[in-house]
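Containing TSV, C-alpha atoms and all ligand atoms: query23.tsv.
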```tsv
chain	number	residue	atom	x	y	z
A	1	MET	CA	133.55	31.57	156.84
A	2	THR	CA	130.54	31.15	154.55
A	3	THR	CA	128.69	27.95	153.81
A	4	SER	CA	130.12	27.92	150.31
A	5	ASP	CA	133.69	28.15	151.73
A	6	THR	CA	133.23	25.07	153.89
A	7	GLN	CA	131.83	23.14	150.95
A	8	ALA	CA	134.73	24.00	148.63
A	9	LYS	CA	136.60	20.86	147.66
A	10	PRO	CA	140.42	20.77	147.65
A	11	SER	CA	140.36	19.42	144.11
A	12	SER	CA	138.91	22.70	142.96
A	13	LEU	CA	142.09	24.59	143.91
A	14	VAL	CA	144.18	25.79	141.01
A	15	PRO	CA	147.86	24.93	141.60
A	16	GLU	CA	150.29	27.83	141.46
A	17	SER	CA	152.68	25.45	139.70
A	18	PRO	CA	150.95	22.80	137.56
A	19	ARG	CA	154.36	21.31	136.74
A	20	LEU	CA	155.24	20.86	140.42
A	21	ALA	CA	151.76	19.52	141.16
A	22	GLU	CA	152.13	16.90	138.43
A	23	ILE	CA	155.60	15.82	139.64
A	24	VAL	CA	154.55	15.64	143.30
A	25	GLU	CA	151.54	13.50	142.38
A	26	GLU	CA	153.79	11.18	140.37
A	27	VAL	CA	156.22	10.86	143.32
A	28	ARG	CA	153.26	10.12	145.59
A	29	ARG	CA	151.94	7.40	143.30
A	30	PHE	CA	155.42	5.90	143.00
A	31	GLY	CA	155.69	5.95	146.82
A	32	VAL	CA	152.40	4.15	147.32
A	33	ASP	CA	153.42	1.49	144.82
A	34	LEU	CA	156.76	1.05	146.59
A	35	ILE	CA	155.11	0.78	150.03
A	36	GLU	CA	152.65	-1.84	148.84
A	37	ARG	CA	155.14	-3.92	146.85
A	38	HIS	CA	157.69	-4.05	149.70
A	39	ARG	CA	155.11	-4.11	152.54
A	40	ILE	CA	156.91	-1.18	154.21
A	41	THR	CA	155.86	-0.91	157.88
A	42	THR	CA	155.33	2.15	160.07
A	43	ASP	CA	158.59	1.46	161.93
A	44	GLU	CA	160.53	1.30	158.68
A	45	TRP	CA	158.83	4.43	157.34
A	46	MET	CA	159.64	6.39	160.51
A	47	GLN	CA	163.26	5.24	160.27
A	48	ALA	CA	163.36	6.58	156.72
A	49	LEU	CA	161.92	9.95	157.78
A	50	LEU	CA	164.35	10.18	160.70
A	51	PHE	CA	167.20	9.38	158.29
A	52	LEU	CA	166.17	12.29	156.04
A	53	CYS	CA	166.01	14.65	159.06
A	54	GLU	CA	169.51	13.59	160.12
A	55	LEU	CA	170.80	14.01	156.56
A	56	GLY	CA	169.47	17.56	156.48
A	57	GLY	CA	171.12	18.32	159.82
A	58	ARG	CA	174.45	17.11	158.44
A	59	ASN	CA	174.02	19.01	155.16
A	60	GLU	CA	174.20	15.71	153.26
A	61	MET	CA	171.12	16.06	151.02
A	62	VAL	CA	173.18	16.84	147.91
A	63	ALA	CA	175.46	13.91	148.69
A	64	LEU	CA	172.36	11.69	148.96
A	65	SER	CA	171.26	12.87	145.53
A	66	ASP	CA	174.76	12.09	144.23
A	67	VAL	CA	175.01	8.55	145.59
A	68	LEU	CA	171.45	7.75	144.52
A	69	ARG	CA	172.85	8.63	141.10
A	70	LEU	CA	170.21	11.28	140.51
A	71	SER	CA	172.45	14.37	140.34
A	72	VAL	CA	174.14	13.34	137.10
A	73	PRO	CA	170.88	12.82	135.14
A	74	VAL	CA	169.62	16.20	136.41
A	75	ASP	CA	172.85	17.82	135.23
A	76	ARG	CA	172.58	16.06	131.86
A	77	VAL	CA	169.03	17.34	131.33
A	78	THR	CA	169.97	20.83	132.47
A	79	ASN	CA	173.02	21.08	130.20
A	80	ALA	CA	171.86	19.02	127.23
A	81	ASP	CA	173.36	21.60	124.85
A	82	GLN	CA	176.85	20.64	126.07
A	83	GLU	CA	176.46	16.86	125.76
A	84	GLU	CA	177.90	16.63	122.21
A	85	LEU	CA	180.62	19.20	122.94
A	86	THR	CA	182.50	18.94	126.25
A	87	PRO	CA	179.88	17.32	128.45
A	88	SER	CA	178.90	19.03	131.65
A	89	ASN	CA	179.19	17.23	134.98
A	90	VAL	CA	178.21	17.80	138.58
A	91	GLU	CA	180.10	20.35	140.68
A	92	GLY	CA	180.42	18.34	143.88
A	93	PRO	CA	180.86	19.87	147.34
A	94	PHE	CA	184.46	21.13	147.13
A	95	TRP	CA	184.33	24.15	144.81
A	96	LEU	CA	185.21	27.47	146.44
A	97	PRO	CA	184.74	30.98	145.07
A	98	ASP	CA	187.73	33.29	144.87
A	99	ALA	CA	190.46	30.72	144.29
A	100	PRO	CA	193.77	32.43	143.38
A	101	LEU	CA	193.61	34.07	139.93
A	102	LEU	CA	196.72	33.11	137.91
A	103	GLU	CA	197.88	33.73	134.35
A	104	THR	CA	198.72	30.82	132.08
A	105	PRO	CA	201.11	28.98	132.34
A	106	ALA	CA	200.33	28.38	136.00
A	107	SER	CA	201.21	25.82	138.64
A	108	LEU	CA	199.12	24.45	141.48
A	109	CYS	CA	202.08	23.18	143.47
A	110	GLY	CA	205.84	23.33	143.87
A	111	ALA	CA	208.39	20.98	142.33
A	112	ASP	CA	208.84	19.20	145.67
A	113	GLU	CA	205.13	18.25	145.93
A	114	PRO	CA	204.74	14.46	146.35
A	115	GLY	CA	203.00	12.66	143.50
A	116	GLU	CA	203.24	12.24	139.74
A	117	HIS	CA	203.75	15.66	138.23
A	118	VAL	CA	201.87	16.48	135.04
A	119	VAL	CA	200.97	19.45	132.88
A	120	LEU	CA	197.31	19.82	131.96
A	121	ARG	CA	197.05	21.91	128.81
A	122	GLY	CA	194.87	22.66	125.83
A	123	ARG	CA	192.51	25.29	124.52
A	124	VAL	CA	189.10	26.69	125.31
A	125	LEU	CA	187.06	26.74	122.12
A	126	SER	CA	183.54	27.57	121.06
A	127	ALA	CA	181.37	25.09	119.15
A	128	ASP	CA	182.57	26.54	115.83
A	129	ALA	CA	186.21	25.78	116.84
A	130	ALA	CA	187.04	29.45	117.37
A	131	PRO	CA	189.25	30.14	120.42
A	132	VAL	CA	187.64	31.70	123.47
A	133	PRO	CA	190.22	34.31	124.51
A	134	HIS	CA	191.07	34.82	128.17
A	135	ALA	CA	188.62	32.18	129.41
A	136	ILE	CA	189.04	31.36	133.09
A	137	VAL	CA	189.88	27.71	133.79
A	138	ASP	CA	188.86	27.22	137.41
A	139	ILE	CA	190.41	23.94	138.60
A	140	TRP	CA	190.18	22.12	141.91
A	141	GLN	CA	191.39	18.63	142.74
A	142	THR	CA	192.74	16.38	145.48
A	143	ASN	CA	196.41	16.05	146.25
A	144	SER	CA	198.21	12.81	145.40
A	145	GLU	CA	196.77	11.26	148.58
A	146	GLY	CA	193.15	11.84	147.57
A	147	LYS	CA	192.55	14.75	149.96
A	148	TYR	CA	191.04	18.16	149.18
A	149	ASP	CA	192.38	21.22	150.96
A	150	LEU	CA	189.01	21.54	152.74
A	151	GLU	CA	189.68	18.17	154.37
A	152	LEU	CA	193.11	19.29	155.52
A	153	GLY	CA	192.16	22.29	157.63
A	154	GLY	CA	190.95	24.91	155.09
A	155	PRO	CA	189.45	27.04	153.85
A	156	THR	CA	191.47	30.25	154.13
A	157	ALA	CA	193.50	31.99	151.46
A	158	VAL	CA	196.68	30.62	153.00
A	159	GLU	CA	195.37	27.08	153.25
A	160	MET	CA	193.86	26.85	149.75
A	161	ALA	CA	195.72	24.17	147.85
A	162	PHE	CA	195.29	22.47	144.48
A	163	ARG	CA	192.80	25.04	143.31
A	164	ALA	CA	193.17	28.12	141.10
A	165	ARG	CA	191.47	30.17	138.44
A	166	VAL	CA	193.85	30.17	135.50
A	167	ARG	CA	193.31	32.77	132.79
A	168	ALA	CA	193.86	31.39	129.28
A	169	ASP	CA	195.79	33.50	126.76
A	170	SER	CA	194.33	35.44	123.84
A	171	ASP	CA	194.23	32.23	121.79
A	172	GLY	CA	192.28	30.35	124.45
A	173	ARG	CA	195.34	28.32	125.48
A	174	TYR	CA	195.82	27.24	129.05
A	175	GLU	CA	198.58	25.30	130.82
A	176	ILE	CA	198.47	24.13	134.42
A	177	GLY	CA	201.23	22.29	136.25
A	178	THR	CA	200.00	19.95	138.98
A	179	VAL	CA	200.17	16.38	140.27
A	180	LEU	CA	197.75	13.60	139.41
A	181	PRO	CA	194.78	13.46	141.80
A	182	LYS	CA	193.86	10.20	143.50
A	183	ALA	CA	190.67	8.21	144.00
A	184	TYR	CA	188.94	8.97	147.30
A	185	SER	CA	186.07	8.02	149.54
A	186	ILE	CA	183.21	10.44	150.03
A	187	PRO	CA	182.65	11.20	153.76
A	188	THR	CA	181.13	8.18	155.50
A	189	ASP	CA	181.02	9.33	159.13
A	190	GLY	CA	177.37	10.45	158.93
A	191	PRO	CA	173.96	8.98	158.07
A	192	LEU	CA	174.87	8.63	154.39
A	193	GLY	CA	177.79	6.38	155.33
A	194	ILE	CA	175.44	4.25	157.42
A	195	LEU	CA	173.07	3.96	154.45
A	196	LEU	CA	175.87	2.93	152.07
A	197	ARG	CA	176.98	0.20	154.48
A	198	LYS	CA	173.43	-1.05	154.97
A	199	ILE	CA	172.81	-1.35	151.23
A	200	GLY	CA	176.25	-2.76	150.41
A	201	ARG	CA	177.57	0.16	148.38
A	202	HIS	CA	181.18	1.38	148.45
A	203	PRO	CA	181.87	5.14	148.81
A	204	TYR	CA	184.68	5.60	146.26
A	205	ARG	CA	185.11	8.07	143.43
A	206	PRO	CA	187.76	7.61	140.72
A	207	ALA	CA	190.54	10.21	140.52
A	208	HIS	CA	189.42	13.38	138.74
A	209	PHE	CA	190.08	17.02	138.08
A	210	HIS	CA	187.13	19.36	138.66
A	211	ILE	CA	186.98	22.12	136.06
A	212	ARG	CA	184.74	25.14	135.69
A	213	ILE	CA	185.21	27.25	132.57
A	214	GLU	CA	184.05	30.86	132.69
A	215	ALA	CA	184.06	33.15	129.68
A	216	GLU	CA	182.46	36.49	129.11
A	217	GLY	CA	178.98	36.30	127.63
A	218	ARG	CA	178.66	32.55	128.13
A	219	ASP	CA	177.18	30.29	130.74
A	220	PRO	CA	179.89	28.61	132.85
A	221	LEU	CA	180.71	25.00	132.02
A	222	THR	CA	181.32	22.75	135.04
A	223	THR	CA	182.76	19.33	134.37
A	224	MET	CA	185.33	16.72	135.43
A	225	LEU	CA	188.24	14.96	133.76
A	226	TYR	CA	189.03	11.38	134.78
A	227	LEU	CA	192.21	9.36	134.52
A	228	ARG	CA	191.61	6.57	132.02
A	229	ASP	CA	193.43	3.84	133.99
A	230	ASP	CA	191.64	4.43	137.32
A	231	PRO	CA	190.27	1.12	138.71
A	232	TRP	CA	187.18	2.86	140.16
A	233	LEU	CA	185.98	4.26	136.82
A	234	ASP	CA	183.37	1.57	136.19
A	235	VAL	CA	181.95	1.74	139.70
A	236	ASP	CA	182.03	5.48	140.51
A	237	VAL	CA	179.72	5.90	143.51
A	238	ILE	CA	177.90	8.77	141.78
A	239	ASP	CA	178.02	7.18	138.27
A	240	SER	CA	179.28	10.32	136.57
A	241	ILE	CA	181.77	8.93	134.04
A	242	LYS	CA	181.46	10.08	130.43
A	243	ASP	CA	183.81	8.57	127.84
A	244	SER	CA	184.74	11.89	126.29
A	245	LEU	CA	185.99	13.15	129.67
A	246	LEU	CA	188.64	10.41	130.06
A	247	VAL	CA	192.24	11.59	129.83
A	248	GLU	CA	195.67	10.04	130.20
A	249	PRO	CA	199.12	11.55	130.64
A	250	ARG	CA	201.57	11.15	127.77
A	251	ASP	CA	205.17	12.25	128.30
A	252	GLY	CA	204.13	14.14	131.41
A	253	ALA	CA	201.27	16.05	129.80
A	254	ILE	CA	197.51	15.74	129.51
A	255	GLU	CA	196.02	17.49	126.48
A	256	PHE	CA	192.37	18.49	126.59
A	257	ASP	CA	190.36	21.08	124.69
A	258	PHE	CA	187.17	22.38	126.30
A	259	VAL	CA	184.43	23.16	123.79
A	260	LEU	CA	181.69	25.51	124.94
A	261	ALA	CA	178.19	25.87	123.55
A	262	ALA	CA	177.63	29.16	121.78
B	301	FE	FE	185.87	15.49	143.58
```
So that I can check it, write out the structure of this file as structure tokens.
Amino acid sequence: MTTSDTQAKPSSLVPESPRLAEIVEEVRRFGVDLIERHRITTDEWMQALLFLCELGGRNEMVALSDVLRLSVPVDRVTNADQEELTPSNVEGPFWLPDAPLLETPASLCGADEPGEHVVLRGRVLSADAAPVPHAIVDIWQTNSEGKYDLELGGPTAVEMAFRARVRADSDGRYEIGTVLPKAYSIPTDGPLGILLRKIGRHPYRPAHFHIRIEAEGRDPLTTMLYLRDDPWLDVDVIDSIKDSLLVEPRDGAIEFDFVLAA
């Protein structure tokens, strides 16, 4: 090492990512302000760091982002071009690749399935109102008890339930028979559950359908549809409700057109 090396000052280093450097510095300044305003002690700080380690071990970092209500703003910024069309929304932890591929009209369950049966139907359109032929409507939802298949012993091909990729027809029309999903609690048996209890937050999400639209030559659209009369709408733990994504059954059917950015 030369004399000049030892005298080099860290501030003279050129960041590989100026954007990241700027954001990290802003987070650091925000952290210092928070520590000083709340007089955060070493014990409290170490508890916070231990909490983050435990979250990582439980694979709950995305869930933390969700309940801190940061995932939805990130999604909104990322997919700003969809906001005036069919707004995008967060994917959540329950999507699976390779759900059964079905032709429209399709059904996610049999006639004897418990719950309120409904047909979800509409069209997949582009921003100029032209149909998007043969778009794939990938849908996943809870059963009428608020449980995903992954919480009931999945995932294998046999155990997949209430999820499918439904291919729309040449006019972009899709039709999916199912039952209404139910509001549910996000998992609370780990460190995130402890945090929610400590800060007095409930863990509930209003009932929703998860939808991912795929069409050739376009970016996929991931979103959610919510039932308009759900009592948890105003207090969704991840604060993801968007008015234009509210739906309600009429005469056993929910009509919804998905409009994709060009
Ligand atoms: Fe969900």
Set out as a tab-separated table a contact list for chain A and ligand FE 301 (chain B) with a cut-off of 7 Å, giving each residue of chain A that qualifies its closest atom pair and distance in Å to one decimal, counting only C-alpha atoms and all ligand atoms, ordered by chain and rising residue number.
```
residue	atom	partner	partner_atom	distance
A:Gly92	CA	B:FE301	FE	6.2
A:Phe94	CA	B:FE301	FE	6.8
A:Gln141	CA	B:FE301	FE	6.4
A:His208	CA	B:FE301	FE	6.4
A:His210	CA	B:FE301	FE	6.4
```
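The smallest atom-to-atom distance between Leu50 of chain A and any of A:Pro191, A:Ile136, A:Pro181, A:Ile23, using only C-alpha atoms, is found for A:Pro191.
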Worksheet item: atom CA of Thr188 of chain A and atom CA of Pro203 of chain A are how many Å apart?
Response: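 Going from atom CA of Thr188 of chain A over to atom CA of Pro203 of chain A, I get 7.4 Å.
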Practice prompt. Within 12 Å of (174.1, 13.5, 153.3) (coordinates as in the file), grab all the protein and nucleic acid residues, counting all atoms listed in the file, and write them out as number ranges by chain.
Written response: A: 51-68, 93, 186-196
Worksheet item: Which of these residues is nearest to Ala215 of chain A, using all atoms listed in the file: A:Cys109, A:Leu260, A:Ala80, A:Leu13?
Response: A:Leu260
Find the nearest atom pair between each residue of segment 27-141 of chain A and segment 232-255 of chain A for residues within 8 Å, count all atoms listed in the file, give distances in Å to one decimal, sort rows by chain and ascending number, and present the table as a Markdown table.
```
| residue | atom | partner | partner_atom | distance |
| --- | --- | --- | --- | --- |
| A:Asp66 | CA | A:Ile238 | CA | 5.2 |
| A:Val67 | CA | A:Ile238 | CA | 4.8 |
| A:Leu68 | CA | A:Ile238 | CA | 7.1 |
| A:Arg69 | CA | A:Ile238 | CA | 5.1 |
| A:Ser71 | CA | A:Ile238 | CA | 7.9 |
| A:Val72 | CA | A:Ser240 | CA | 6.0 |
| A:Thr86 | CA | A:Ser244 | CA | 7.4 |
| A:Pro87 | CA | A:Leu245 | CA | 7.5 |
| A:Asn89 | CA | A:Ser240 | CA | 7.1 |
| A:Val90 | CA | A:Ser240 | CA | 7.8 |
| A:His117 | CA | A:Gly252 | CA | 7.0 |
| A:Val118 | CA | A:Gly252 | CA | 4.9 |
| A:Val119 | CA | A:Ala253 | CA | 4.6 |
| A:Leu120 | CA | A:Ile254 | CA | 4.8 |
| A:Arg121 | CA | A:Glu255 | CA | 5.1 |
| A:Gly122 | CA | A:Glu255 | CA | 5.3 |
```
Worksheet item: How far is it from atom CA of His134 of chain A to atom CA of Tyr226 of chain A, in Å with one decimal?
Response: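 The value is 24.4 Å.
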Discussion item. So, with all atoms listed in the file as the atoms that count, which of A:Asp33, A:Asp230, A:Glu44, A:Asp169 lies closest to Ala183 of chain A?
Written reply: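 The answer is A:Asp230, which sits nearest to Ala183 of chain A.
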Using all atoms listed in the file, find each residue of segment 186-225 of chain A with at least one atom at most 12 Å away from an atom of segment 173-176 of chain A; report its shortest atom-to-atom pair and that distance in Å (one decimal), sort the rows by chain and rising residue number, and return the result as CSV.
```
residue,atom,partner,partner_atom,distance
A:Phe209,CA,A:Ile176,CA,11.6
A:Ile211,CA,A:Ile176,CA,11.8
A:Ile213,CA,A:Tyr174,CA,11.2
```
Can I get the selection written as a short mmCIF file (atom, residue, chain, number, x, y, z; two decimals), in the coordinates of the input, with C-alpha atoms?
```
data_model
loop_
_atom_site.label_atom_id
_atom_site.label_comp_id
_atom_site.auth_asym_id
_atom_site.auth_seq_id
_atom_site.Cartn_x
_atom_site.Cartn_y
_atom_site.Cartn_z
CA PHE A 209 190.08 17.02 138.08
CA ILE A 211 186.98 22.12 136.06
CA ILE A 213 185.21 27.25 132.57
#
```
Could you rebuild segment 79-94 of chain A with N, CA and C atoms and give me the result as a short mmCIF file (atom, residue, chain, number, x, y, z; two decimals), keeping the file's coordinate frame?
```
data_model
loop_
_atom_site.label_atom_id
_atom_site.label_comp_id
_atom_site.auth_asym_id
_atom_site.auth_seq_id
_atom_site.Cartn_x
_atom_site.Cartn_y
_atom_site.Cartn_z
N ASN A 79 171.98 20.59 131.12
CA ASN A 79 173.02 21.08 130.20
C ASN A 79 173.08 20.24 128.93
N ALA A 80 171.92 19.88 128.42
CA ALA A 80 171.86 19.02 127.23
C ALA A 80 172.61 19.63 126.05
N ASP A 81 172.67 20.96 125.98
CA ASP A 81 173.36 21.60 124.85
C ASP A 81 174.86 21.37 124.86
N GLN A 82 175.41 20.89 125.99
CA GLN A 82 176.85 20.64 126.07
C GLN A 82 177.20 19.18 125.76
N GLU A 83 176.19 18.31 125.74
CA GLU A 83 176.46 16.86 125.76
C GLU A 83 177.30 16.42 124.56
N GLU A 84 177.13 17.00 123.40
CA GLU A 84 177.90 16.63 122.21
C GLU A 84 179.18 17.43 122.07
N LEU A 85 179.41 18.37 122.97
CA LEU A 85 180.62 19.20 122.94
C LEU A 85 181.53 18.67 124.04
N THR A 86 181.88 19.49 125.03
CA THR A 86 182.50 18.94 126.25
C THR A 86 181.38 18.76 127.25
N PRO A 87 181.05 17.51 127.58
CA PRO A 87 179.88 17.32 128.45
C PRO A 87 180.05 17.98 129.81
N SER A 88 178.95 18.47 130.30
CA SER A 88 178.90 19.03 131.65
C SER A 88 178.98 17.88 132.67
N ASN A 89 179.27 18.22 133.92
CA ASN A 89 179.19 17.23 134.98
C ASN A 89 178.92 17.95 136.30
N VAL A 90 178.63 17.18 137.33
CA VAL A 90 178.21 17.80 138.58
C VAL A 90 179.39 18.50 139.26
N GLU A 91 179.06 19.52 140.05
CA GLU A 91 180.10 20.35 140.68
C GLU A 91 180.72 19.67 141.90
N GLY A 92 179.91 18.92 142.64
CA GLY A 92 180.42 18.34 143.88
C GLY A 92 180.52 19.39 144.97
N PRO A 93 180.92 18.97 146.18
CA PRO A 93 180.86 19.87 147.34
C PRO A 93 182.15 20.66 147.60
N PHE A 94 183.16 20.56 146.76
CA PHE A 94 184.46 21.13 147.13
C PHE A 94 184.86 22.39 146.37
#
```
